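Participant: Structure file my_file05.txt (compact mmCIF, C-alpha atoms and all ligand atoms) is given on the next line.
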```
# COMPACT_ATOMS: atom_id res chain seq x y z
CA MET D 1 124.69 82.87 54.88
CA SER D 2 121.35 83.90 56.36
CA VAL D 3 120.86 87.24 58.10
CA ASP D 4 120.49 85.38 61.41
CA SER D 5 123.79 83.53 61.05
CA ILE D 6 125.60 86.74 60.03
CA ALA D 7 124.12 88.41 63.11
CA GLU D 8 125.43 85.50 65.23
CA LYS D 9 128.87 86.01 63.71
CA VAL D 10 128.81 89.70 64.71
CA LEU D 11 127.69 88.84 68.24
CA SER D 12 130.51 86.33 68.63
CA GLY D 13 133.07 88.95 67.56
CA GLY D 14 133.72 87.72 64.01
CA ARG D 15 134.77 90.01 61.16
CA LEU D 16 132.26 90.51 58.35
CA ASN D 17 133.43 89.95 54.79
CA ASP D 18 132.01 92.13 52.02
CA GLU D 19 129.31 89.63 51.01
CA GLU D 20 128.07 89.25 54.57
CA ALA D 21 128.10 93.00 55.10
CA LEU D 22 126.09 93.53 51.92
CA GLU D 23 123.56 90.90 52.89
CA LEU D 24 123.00 92.52 56.29
CA TYR D 25 122.79 95.98 54.73
CA ALA D 26 120.27 94.93 52.10
CA ASP D 27 118.09 92.50 54.11
CA ALA D 28 118.39 92.93 57.88
CA PRO D 29 115.52 94.77 59.59
CA THR D 30 116.58 98.23 60.79
CA SER D 31 115.89 97.27 64.40
CA LEU D 32 118.30 94.31 64.12
CA LEU D 33 121.02 96.45 62.53
CA GLY D 34 120.61 98.96 65.35
CA ARG D 35 120.77 96.27 68.06
CA LEU D 36 123.92 94.75 66.57
CA ALA D 37 125.62 98.13 66.19
CA ASP D 38 124.66 99.09 69.74
CA THR D 39 126.06 95.80 71.06
CA VAL D 40 129.39 96.47 69.33
CA ARG D 41 129.42 100.07 70.61
CA VAL D 42 128.85 98.90 74.20
CA ARG D 43 131.66 96.35 73.78
CA LYS D 44 134.04 99.13 72.76
CA HIS D 45 132.66 101.81 75.09
CA PRO D 46 131.26 100.05 78.16
CA THR D 47 131.30 103.08 80.47
CA GLY D 48 128.35 104.95 78.95
CA LEU D 49 130.31 108.06 77.97
CA VAL D 50 129.43 109.97 74.84
CA THR D 51 131.99 112.54 73.77
CA TYR D 52 132.03 115.72 71.70
CA ILE D 53 134.61 118.35 70.77
CA ILE D 54 134.37 122.12 70.81
CA ASP D 55 135.99 123.40 67.66
CA ARG D 56 135.33 125.63 64.68
CA ASN D 57 134.97 124.57 61.07
CA VAL D 58 136.74 127.31 59.12
CA ASN D 59 136.79 127.25 55.33
CA TYR D 60 139.73 129.46 54.39
CA THR D 61 138.72 129.79 50.72
CA ASN D 62 135.76 128.78 48.57
CA VAL D 63 137.73 129.09 45.31
CA CYS D 64 138.24 125.65 43.84
CA VAL D 65 139.46 124.16 40.59
CA ALA D 66 138.13 120.68 41.39
CA ARG D 67 134.45 121.51 40.69
CA CYS D 68 132.90 118.33 42.14
CA SER D 69 129.33 117.97 40.90
CA PHE D 70 127.94 117.29 44.41
CA CYS D 71 129.40 120.48 45.93
CA ALA D 72 127.34 123.63 46.50
CA PHE D 73 130.16 125.42 48.31
CA TYR D 74 132.86 126.11 45.74
CA ARG D 75 133.22 129.08 43.38
CA PRO D 76 135.33 128.90 40.20
CA VAL D 77 138.60 130.84 39.92
CA GLY D 78 137.83 134.50 39.10
CA ALA D 79 134.17 134.30 40.27
CA ASP D 80 132.79 137.41 41.98
CA GLU D 81 131.78 135.42 45.07
CA GLY D 82 135.21 133.84 45.55
CA TYR D 83 136.96 134.66 48.84
CA VAL D 84 140.19 133.97 50.73
CA LEU D 85 140.18 134.65 54.48
CA GLY D 86 142.86 136.95 55.85
CA PHE D 87 145.17 135.84 58.64
CA ASP D 88 143.58 138.49 60.89
CA GLU D 89 140.10 137.05 60.24
CA ILE D 90 141.31 133.57 61.14
CA PHE D 91 142.97 134.88 64.34
CA GLN D 92 139.66 136.49 65.29
CA LYS D 93 137.85 133.17 64.79
CA ILE D 94 140.42 131.46 67.03
CA GLU D 95 139.86 134.03 69.78
CA GLU D 96 136.11 133.39 69.58
CA THR D 97 136.67 129.63 69.69
CA LEU D 98 138.87 129.89 72.78
CA ALA D 99 136.21 132.01 74.49
CA VAL D 100 133.64 129.16 74.32
CA GLY D 101 136.08 126.49 75.48
CA GLY D 102 137.35 125.30 72.09
CA GLY D 103 140.93 124.36 71.38
CA GLN D 104 141.01 123.45 67.71
CA LEU D 105 140.21 124.63 64.19
CA LEU D 106 139.01 122.24 61.54
CA LEU D 107 140.53 124.07 58.61
CA GLN D 108 139.52 123.03 55.11
CA GLY D 109 138.92 124.83 51.85
CA GLY D 110 138.80 124.75 48.08
CA HIS D 111 141.72 123.89 45.83
CA ASN D 112 142.72 127.46 45.17
CA PRO D 113 145.61 127.70 42.66
CA ASP D 114 146.54 131.13 44.01
CA LEU D 115 147.44 129.90 47.51
CA PRO D 116 150.90 128.29 47.41
CA LEU D 117 152.27 125.94 50.08
CA GLU D 118 154.09 128.88 51.69
CA TRP D 119 150.74 130.58 52.46
CA TYR D 120 149.68 127.54 54.52
CA GLU D 121 153.05 127.29 56.24
CA ASP D 122 153.00 130.96 57.19
CA LEU D 123 149.39 130.73 58.42
CA PHE D 124 150.03 127.66 60.57
CA ALA D 125 153.26 129.10 62.00
CA ALA D 126 151.56 132.42 62.78
CA ILE D 127 148.72 130.64 64.60
CA LYS D 128 151.15 128.52 66.64
CA ALA D 129 153.26 131.58 67.47
CA ARG D 130 150.17 133.21 69.05
CA HIS D 131 148.58 130.08 70.52
CA PRO D 132 151.14 127.27 70.87
CA LYS D 133 148.63 124.81 72.36
CA PHE D 134 145.85 125.50 69.86
CA ARG D 135 145.34 122.47 67.59
CA LEU D 136 145.20 122.53 63.79
CA HIS D 137 143.11 119.71 62.37
CA ALA D 138 143.60 120.72 58.78
CA LEU D 139 143.65 119.87 55.08
CA SER D 140 141.92 116.75 53.83
CA PRO D 141 143.81 114.31 51.55
CA PRO D 142 142.65 115.97 48.28
CA GLU D 143 143.89 119.35 49.60
CA LEU D 144 147.27 117.82 50.46
CA LEU D 145 147.39 116.23 47.01
CA HIS D 146 146.52 119.59 45.43
CA LEU D 147 149.41 121.20 47.35
CA SER D 148 151.71 118.38 46.27
CA ARG D 149 150.83 119.01 42.62
CA LEU D 150 151.01 122.79 42.99
CA SER D 151 154.40 122.75 44.71
CA GLN D 152 155.68 119.78 42.67
CA ARG D 153 156.79 118.01 45.82
CA PRO D 154 155.89 114.53 47.05
CA VAL D 155 152.94 114.37 49.45
CA SER D 156 155.29 113.19 52.22
CA ASP D 157 157.37 116.40 51.82
CA VAL D 158 154.26 118.57 51.90
CA VAL D 159 153.04 116.83 55.05
CA GLU D 160 156.47 117.17 56.69
CA ARG D 161 156.64 120.90 55.91
CA LEU D 162 153.13 121.47 57.22
CA VAL D 163 153.89 119.52 60.39
CA GLN D 164 156.96 121.71 60.91
CA ALA D 165 154.67 124.73 60.55
CA GLY D 166 152.11 123.41 63.06
CA LEU D 167 149.77 120.84 61.49
CA ASP D 168 148.50 118.48 64.22
CA SER D 169 146.09 116.10 62.50
CA VAL D 170 144.22 115.59 59.25
CA PRO D 171 140.47 115.49 58.60
CA GLY D 172 139.17 112.64 56.47
CA GLY D 173 137.19 114.76 54.01
CA GLY D 174 137.12 114.27 50.26
CA ALA D 175 136.70 110.50 50.50
CA GLU D 176 133.09 110.58 49.23
CA ILE D 177 132.94 106.93 48.02
CA LEU D 178 136.32 105.27 47.50
CA VAL D 179 135.38 103.62 44.22
CA ASP D 180 136.59 105.20 40.99
CA ARG D 181 133.41 104.49 39.01
CA VAL D 182 131.53 106.67 41.51
CA ARG D 183 134.28 109.27 41.66
CA ARG D 184 134.21 109.70 37.89
CA LEU D 185 130.43 110.23 37.95
CA LEU D 186 130.84 112.82 40.74
CA HIS D 187 133.66 114.59 38.86
CA CYS D 188 135.94 114.10 41.83
CA ASP D 189 138.32 111.51 40.39
CA THR D 190 140.75 114.21 39.23
CA LYS D 191 141.05 115.73 42.70
CA ALA D 192 141.96 112.26 44.03
CA THR D 193 141.25 108.71 42.90
CA ALA D 194 140.35 106.15 45.56
CA ASP D 195 143.95 104.88 45.61
CA GLU D 196 145.33 108.42 45.84
CA TRP D 197 143.06 109.31 48.78
CA LEU D 198 144.20 106.19 50.62
CA SER D 199 147.87 106.69 49.79
CA VAL D 200 147.79 110.28 51.10
CA MET D 201 146.27 108.97 54.33
CA ARG D 202 148.96 106.31 54.48
CA ALA D 203 151.61 109.06 54.19
CA VAL D 204 149.85 111.11 56.88
CA HIS D 205 149.79 108.14 59.28
CA ARG D 206 153.42 107.27 58.50
CA ALA D 207 154.34 110.85 59.40
CA GLY D 208 152.91 110.11 62.85
CA LEU D 209 149.70 112.11 62.48
CA ARG D 210 146.25 110.79 63.32
CA SER D 211 143.30 111.41 61.04
CA THR D 212 139.59 110.76 60.73
CA ALA D 213 137.87 108.95 57.86
CA THR D 214 134.58 109.82 56.20
CA MET D 215 132.01 108.57 53.72
CA MET D 216 129.49 110.65 51.80
CA TYR D 217 126.75 108.29 50.59
CA GLY D 218 123.45 108.74 48.80
CA SER D 219 124.51 110.21 45.45
CA VAL D 220 125.13 107.80 42.57
CA GLU D 221 126.71 104.79 44.27
CA HIS D 222 125.28 101.29 44.79
CA LEU D 223 125.12 99.56 48.18
CA GLU D 224 128.03 97.30 47.12
CA GLU D 225 130.15 100.39 46.63
CA ARG D 226 129.39 101.71 50.11
CA VAL D 227 130.51 98.33 51.47
CA GLU D 228 133.66 98.44 49.31
CA HIS D 229 134.42 101.90 50.71
CA LEU D 230 134.15 100.65 54.29
CA CYS D 231 136.28 97.58 53.55
CA ARG D 232 139.03 99.73 52.01
CA LEU D 233 139.11 101.96 55.10
CA ARG D 234 139.23 98.88 57.36
CA GLU D 235 142.16 97.52 55.35
CA LEU D 236 144.18 100.74 55.74
CA GLN D 237 143.32 100.89 59.43
CA ASP D 238 144.66 97.32 59.82
CA GLU D 239 147.89 98.52 58.21
CA THR D 240 148.45 101.86 59.98
CA GLY D 241 146.06 102.17 62.92
CA GLY D 242 146.06 105.91 62.21
CA PHE D 243 142.33 106.63 62.08
CA THR D 244 140.78 107.92 65.28
CA ALA D 245 137.19 108.02 64.06
CA PHE D 246 134.76 107.54 61.20
CA ILE D 247 132.01 109.93 60.16
CA THR D 248 129.36 109.26 57.52
CA TRP D 249 126.85 111.73 56.14
CA SER D 250 124.39 111.83 53.31
CA TYR D 251 124.91 113.79 50.12
CA GLN D 252 123.13 117.17 50.37
CA PRO D 253 121.61 117.84 46.92
CA PRO D 254 120.22 121.42 47.05
CA ASN D 255 122.15 123.99 44.99
CA THR D 256 124.46 121.37 43.46
CA GLU D 257 125.05 120.60 39.81
CA LEU D 258 124.21 116.94 40.41
CA GLY D 259 120.85 117.55 42.16
CA GLY D 260 118.55 114.60 42.96
CA PRO D 261 116.82 113.51 46.18
CA GLU D 262 118.38 113.33 49.65
CA ALA D 263 118.78 110.01 51.48
CA THR D 264 116.24 109.40 54.25
CA GLY D 265 116.82 109.23 58.00
CA ILE D 266 116.44 105.44 57.98
CA ASP D 267 119.07 105.15 55.25
CA TYR D 268 121.38 107.22 57.47
CA LEU D 269 120.79 105.07 60.54
CA ARG D 270 121.23 101.82 58.59
CA THR D 271 124.45 103.14 57.01
CA LEU D 272 125.81 104.25 60.37
CA ALA D 273 124.97 100.89 61.96
CA LEU D 274 126.56 98.94 59.12
CA SER D 275 129.68 101.13 59.39
CA ARG D 276 129.98 100.18 63.08
CA LEU D 277 129.75 96.50 62.14
CA VAL D 278 132.24 96.56 59.26
CA LEU D 279 134.74 98.98 60.84
CA ASP D 280 135.62 96.65 63.69
CA ASN D 281 139.05 98.28 64.02
CA PHE D 282 137.70 101.83 64.46
CA ASP D 283 137.05 102.88 68.05
CA ASN D 284 134.91 105.93 67.42
CA LEU D 285 131.95 106.74 65.21
CA GLN D 286 130.54 110.25 65.12
CA ALA D 287 126.89 111.23 64.69
CA SER D 288 126.44 113.68 61.83
CA TRP D 289 123.82 115.99 63.36
CA VAL D 290 125.00 118.79 61.05
CA THR D 291 123.47 116.99 58.07
CA GLN D 292 120.77 114.93 59.82
CA GLY D 293 119.55 117.38 62.47
CA GLY D 294 119.67 117.04 66.25
CA LYS D 295 116.91 114.44 66.57
CA VAL D 296 118.42 111.91 64.15
CA GLY D 297 121.82 112.86 65.59
CA GLN D 298 120.57 111.77 69.01
CA LEU D 299 119.10 108.53 67.59
CA SER D 300 122.54 107.79 66.13
CA LEU D 301 123.63 106.96 69.68
CA ALA D 302 121.41 103.86 69.46
CA PHE D 303 122.81 102.91 66.04
CA GLY D 304 126.52 102.64 66.77
CA ALA D 305 127.72 106.22 67.33
CA ASN D 306 129.61 107.02 70.54
CA ASP D 307 130.41 110.64 69.76
CA MET D 308 128.33 113.71 68.86
CA GLY D 309 131.08 115.26 66.75
CA SER D 310 131.75 118.93 67.00
CA VAL D 311 130.06 121.83 68.72
CA MET D 312 130.30 123.56 65.42
CA ILE D 313 130.67 127.25 65.98
CA GLU D 314 130.88 127.89 62.24
CA GLU D 315 129.81 125.93 59.16
CA ASN D 316 129.82 126.89 55.48
CA VAL D 317 129.82 123.78 53.30
CA VAL D 318 126.61 121.99 54.38
CA ARG D 319 124.87 125.36 54.72
CA ALA D 320 125.63 126.09 51.04
CA ALA D 321 123.48 123.02 50.27
CA GLY D 322 120.63 124.35 52.40
CA ALA D 323 121.04 122.50 55.74
CA GLU D 324 121.42 124.88 58.69
CA TYR D 325 121.15 122.77 61.81
CA CYS D 326 122.68 124.41 64.85
CA MET D 327 123.37 122.96 68.30
CA ASP D 328 125.53 124.74 70.83
CA GLU D 329 127.31 122.88 73.61
CA ALA D 330 124.34 123.00 76.01
CA GLU D 331 122.03 121.54 73.35
CA ILE D 332 124.47 118.77 72.42
CA VAL D 333 124.87 117.85 76.08
CA ARG D 334 121.06 117.90 76.57
CA ASN D 335 120.70 115.42 73.68
CA ILE D 336 123.44 113.14 75.04
CA GLU D 337 122.07 113.11 78.58
CA ASP D 338 118.47 112.70 77.46
CA ALA D 339 119.57 109.54 75.65
CA GLY D 340 120.94 108.16 78.92
CA PHE D 341 124.66 108.82 78.48
CA VAL D 342 127.29 110.88 80.31
CA ALA D 343 128.58 113.79 78.21
CA LYS D 344 132.32 114.55 78.15
CA ARG D 345 134.47 116.97 76.18
CA ARG D 346 137.33 115.46 74.20
CA ASN D 347 140.17 116.42 71.88
CA MET D 348 140.87 115.09 68.38
CA GLU D 349 142.69 112.05 69.80
CA TYR D 350 139.61 111.25 71.88
CA ASP D 351 141.32 111.95 75.20
CA VAL D 352 138.59 113.05 77.61
CA LEU D 353 139.21 116.69 78.58
CA GLY D 354 136.46 117.10 81.16
CA ASP D 355 132.85 117.91 81.86
CA PRO D 356 130.83 120.31 79.74
CA PHE D 357 132.55 123.69 79.55
CA PHE D 358 129.31 125.69 79.91
CA ARG D 359 128.89 124.16 83.38
CA GLU D 360 132.33 125.42 84.39
CA GLN D 361 131.79 128.97 83.18
CA PRO D 362 128.92 130.78 81.50
CA VAL D 363 129.07 131.02 77.72
CA PRO D 364 126.55 132.78 75.49
CA ARG D 365 123.88 130.50 73.98
CA ARG D 366 124.12 130.16 70.19
CA THR D 367 121.09 129.92 67.96
CA GLU D 368 122.89 130.05 64.64
CA LEU D 369 126.25 129.07 63.24
CA ALA D 370 128.75 131.69 62.16
CA VAL D 371 129.87 131.91 58.53
CA ALA D 372 133.33 132.31 57.02
CA ARG D 373 132.56 135.87 55.98
CA LYS D 374 129.58 138.17 55.63
CA GLY D 375 127.84 137.52 52.29
CA GLY D 376 129.27 139.59 49.45
CA ASP D 377 132.54 140.46 51.27
CA THR D 378 135.24 139.34 48.84
CA ALA D 379 137.99 141.76 49.94
CA LEU D 380 141.49 140.49 49.17
CA PRO D 381 143.51 140.06 52.39
CA ALA D 382 146.54 142.37 52.58
CA GLU D 383 149.09 139.58 53.07
CA LEU D 384 148.03 137.80 49.89
CA VAL D 385 150.18 140.09 47.73
CA ARG D 386 153.25 138.39 49.28
CA TYR D 387 152.40 135.10 47.55
CA PRO D 388 152.62 134.58 43.79
CA ALA D 389 149.32 133.79 42.07
CA ARG D 390 149.08 131.01 39.53
CA SER D 391 145.78 131.66 37.75
CA GLY D 392 145.30 134.46 35.20
CA ALA D 393 142.51 135.97 37.31
CA GLY D 394 144.66 135.78 40.45
CA LYS D 395 147.67 137.43 38.77
CA LYS D 396 145.49 140.26 37.45
CA ARG D 397 143.92 140.84 40.86
CA ARG D 398 147.31 140.95 42.61
CA ARG D 399 148.59 143.43 39.98
CA VAL D 400 145.62 145.73 40.52
CA THR D 401 146.08 145.50 44.31
CA ASN D 402 149.83 146.23 44.03
CA GLU D 403 149.21 149.28 41.87
CA ALA D 404 146.50 150.70 44.15
S1 LIG K 501 134.03 119.28 47.47
FE1 LIG K 501 135.95 120.35 47.91
S2 LIG K 501 137.25 119.85 46.19
FE2 LIG K 501 135.14 119.42 45.51
S3 LIG K 501 134.45 121.36 44.54
FE3 LIG K 501 133.81 121.42 46.70
S4 LIG K 501 135.48 122.57 47.68
FE4 LIG K 501 136.27 121.82 45.72
```
Please go through the file and, once you have read it, give me the structure as structure tokens.
Facilitator:
Amino acid sequence: MSVDSIAEKVLSGGRLNDEEALELYADAPTSLLGRLADTVRVRKHPTGLVTYIIDRNVNYTNVCVARCSFCAFYRPVGADEGYVLGFDEIFQKIEETLAVGGGQLLLQGGHNPDLPLEWYEDLFAAIKARHPKFRLHALSPPELLHLSRLSQRPVSDVVERLVQAGLDSVPGGGAEILVDRVRRLLHCDTKATADEWLSVMRAVHRAGLRSTATMMYGSVEHLEERVEHLCRLRELQDETGGFTAFITWSYQPPNTELGGPEATGIDYLRTLALSRLVLDNFDNLQASWVTQGGKVGQLSLAFGANDMGSVMIEENVVRAAGAEYCMDEAEIVRNIEDAGFVAKRRNMEYDVLGDPFFREQPVPRRTELAVARKGGDTALPAELVRYPARSGAGKKRRRVTNEA
């Protein structure tokens, strides 16, 4: 099929197959991809609203046994720079989030063998005991799989226990590219194969939770593999309907083992637009201003995105790879309105919560994002001694702490 006839198919509401998607991706002019994606966005969101959420991206530990080659954030077990946040530190972050109008934590971290399932259950329950309405958008599929392996329980049991403790929804991290050839090259096939990532999401959706889906492109994959990734997500969405949104971002090479160049802004906009065209059963696409910066983030609204993602009060993972873009709520709203849209706050389920919070009550302007902890602070939280460690380094550290 020619690019023009594939474009006609999109405009008449047809579903793209993988060959058509690849042809558009490889050959369509960027302006045409943008126009098509914008047409589909308008069809799904005719009222001109662009949403965002106020939440905080908290990384509870940077200790990780997975050691993905594209990750600049993790530290190996026993490393001097490894940290685990204390419950009191996380409570403090929640208080700060509530003060700027936020109602949710996005809680993700490394695969730390010294944090058993009970640690997560106790943390979630303690948060809900203090703030029953505060939402926990937590633990990507590879983290849930890690907990399943660590506790030797099926993923469905782990999810059920975490829901009992207070888990509300699941972030779609750790998908990278859902093709095992790519995952092997990125050293992330052991944390979860493509099938495992999808089957954890299936279990999450069957448990009644909603989740997001993601794609990290621009490392070692081919265009065909990006298309395959999108088609696999579309297939699961057809089956469960559990995804609320899709977010794509480019691989951030600085400080990683893998290295290499970063994808360009045009590659990002083309990838976003193609995602809108292939993912015809996803309602919401987020702009990834955290990796692309505010200006490309704003342009995303003309390439299929209908959401500016999170007013990220804190960020640690992308920052570890050198990107430190920061936009507070006022700046996000300025970008949305300047692009001709109406800005509204939302929750994880994309229910509109209201107008910008900073217009309801004054909040301090933010010029930089908070971090999980001050650099060099690796103090062991007091409550950690209650949980058995699994690694040699963890056991030794607990022993020393107990004896002190
Ligand atoms: S991407 Fe996640 S799982 Fe992989 S090394 Fe980094 S923290 Fe660990």
Participant: Which residue out of D:Leu123, D:Leu105, D:Leu258, D:Ala129 has the minimum interatomic distance to ligand LIG 501 (chain K) when only C-alpha atoms and all ligand atoms are used?
Facilitator: D:Leu258
Participant: One number please: atom CA of Lys44 of chain D to atom CA of Lys9 of chain D, in Å, one decimal.
Facilitator: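 The value is 16.8 Å.
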Participant: By how many Å are atom FE1 of ligand LIG 501 (chain K) and atom CA of Phe87 of chain D apart?
Facilitator: 21.0 Å
Participant: Give me the residues within 7 Å of segment 270-274 of chain D as a VMD selection string, counting all atoms listed in the file and dropping any in the same chain fewer than 5 places off.
Facilitator: chain D and resid 25 30 33 to 34 37 248 303 to 304
Participant: Put those residues in a file: C-alpha atoms, as a compact mmCIF listing (two decimals), keeping the file's coordinate frame.
Facilitator:
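Result file is out-v5.txt:
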```txt
# COMPACT_ATOMS: atom_id res chain seq x y z
CA TYR D 25 122.79 95.98 54.73
CA THR D 30 116.58 98.23 60.79
CA LEU D 33 121.02 96.45 62.53
CA GLY D 34 120.61 98.96 65.35
CA ALA D 37 125.62 98.13 66.19
CA THR D 248 129.36 109.26 57.52
CA PHE D 303 122.81 102.91 66.04
CA GLY D 304 126.52 102.64 66.77
```
Participant: What is the distance, in Å and to one decimal place, between atom CA of Arg130 of chain D and atom CA of Arg56 of chain D?
Facilitator: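 According to the coordinates, atom CA of Arg130 of chain D and atom CA of Arg56 of chain D are separated by 17.2 Å.
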Participant: Could you tell me, counting all atoms listed in the file, which protein and nucleic acid residues lie no more than 9 Å from ligand LIG 501 (chain K), written as a ChimeraX atom specification?
Facilitator: /D:61-76,108-112,142-143,173-174,176,187-188,191,317
Participant: Of the candidates D:Ser169, D:Thr193, D:Thr51, D:Thr264, which shows the shortest atom-to-atom distance to Asn284 of chain D, using only C-alpha atoms?
Facilitator: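 Of D:Ser169, D:Thr193, D:Thr51, D:Thr264, the one nearest Asn284 of chain D is D:Thr51, counting only C-alpha atoms.
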Participant: Could you list, as a list in words, every residue within 8 Å of Thr367 of chain D, counting all atoms listed in the file and ignoring same-chain residues fewer than 2 positions away?
Facilitator: Cys326, Met327, Asp328, Arg365 and Leu369 of chain D
Participant: Please report, as CSV, each residue of segment 236-278 of chain D lying at most 9 Å from segment 212-227 of chain D, together with the nearest pair of atoms and the separation in Å rounded to one decimal; use only C-alpha atoms, and order rows by chain and ascending residue number.
Facilitator:
```
residue,atom,partner,partner_atom,distance
D:Gly242,CA,D:Thr212,CA,8.2
D:Phe243,CA,D:Thr212,CA,5.1
D:Thr244,CA,D:Thr212,CA,5.5
D:Ala245,CA,D:Thr212,CA,4.9
D:Phe246,CA,D:Ala213,CA,4.8
D:Ile247,CA,D:Thr214,CA,4.7
D:Thr248,CA,D:Met215,CA,4.7
D:Trp249,CA,D:Met216,CA,5.2
D:Ser250,CA,D:Tyr217,CA,5.0
D:Tyr251,CA,D:Gly218,CA,5.4
D:Gln252,CA,D:Gly218,CA,8.6
D:Pro253,CA,D:Ser219,CA,8.3
D:Leu258,CA,D:Ser219,CA,8.4
D:Gly259,CA,D:Ser219,CA,8.8
D:Gly260,CA,D:Ser219,CA,7.8
D:Pro261,CA,D:Ser219,CA,8.4
D:Glu262,CA,D:Gly218,CA,6.9
D:Ala263,CA,D:Gly218,CA,5.5
D:Asp267,CA,D:Gly218,CA,8.6
D:Tyr268,CA,D:Tyr217,CA,8.8
D:Thr271,CA,D:Tyr217,CA,8.5
D:Leu274,CA,D:Val227,CA,8.6
D:Ser275,CA,D:Val227,CA,8.4
D:Val278,CA,D:Val227,CA,8.2
```
Participant: Extract, using all atoms listed in the file, all DNA, RNA and protein residues at most 6 Å from Gln286 of chain D, discarding same-chain residues fewer than 6 positions from it, and format them as a list in words.
Facilitator: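 Residues near the query, excluding close chain neighbours: Ile247, Ala305, Asp307, Met308 and Gly309 of chain D.
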Participant: Just to be explicit: take each residue in the selection above, keep C-alpha atoms, and write the result as a compact mmCIF listing (two decimals), keeping the file's coordinate frame.
Facilitator:
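The resulting file, again_21.txt, is reproduced below:
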```txt
# COMPACT_ATOMS: atom_id res chain seq x y z
CA ILE D 247 132.01 109.93 60.16
CA ALA D 305 127.72 106.22 67.33
CA ASP D 307 130.41 110.64 69.76
CA MET D 308 128.33 113.71 68.86
CA GLY D 309 131.08 115.26 66.75
```
Participant: Can you list, as a list in words, every protein, DNA or RNA residue that comes within 7 Å of segment 148-157 of chain D when you count only C-alpha atoms, leaving out same-chain residues fewer than 5 positions away?
Facilitator: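 The residues that qualify are Leu117, Val200 and Ala203 of chain D.
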Participant: Choose the residue, out of D:Asp88, D:Glu239, D:Asp55, D:Asp38, that has the smallest atom-to-atom separation from Val10 of chain D; count only C-alpha atoms.
Facilitator: D:Asp38
Participant: Using all atoms listed in the file, can you tell me which of D:Glu383, D:Ile54, D:Arg319, D:Lys374 comes closest to Glu96 of chain D?
Facilitator: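 Under the stated criterion, the closest residue is D:Ile54.
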Participant: Using all atoms listed in the file, determine which residues lie at most 12 Å from Val363 of chain D, disregarding the query and same-chain residues fewer than 5 positions distant; provide the list as a PyMOL selection string.
Facilitator: chain D and resi 96-102+328-330+356-358
Participant: For each of D:Ile90, D:Val179, D:Ala79, D:Leu236, take the minimum atom-to-atom distance to Gly394 of chain D, counting all atoms listed in the file, then give the residue where this is smallest.
Facilitator: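 Nearest candidate to Gly394 of chain D out of D:Ile90, D:Val179, D:Ala79, D:Leu236: D:Ala79.
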Participant: Looking at D:His146, D:Arg346, D:Lys395, D:Arg181, which one is nearest to Glu196 of chain D, with distances taken over all atoms listed in the file?
Facilitator: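 Counting all atoms listed in the file, the residue closest to Glu196 of chain D is D:His146.
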Participant: With all atoms of segment 60-69 of chain D from the file as input, state the centre and edge lengths in Å to one decimal of the axis-aligned box that has 4 Å extra on each side, as lines of an AutoDock Vina configuration file.
Facilitator:
```
center_x = 134.5
center_y = 123.9
center_z = 47.5
size_x = 18.4
size_y = 19.8
size_z = 21.8
```
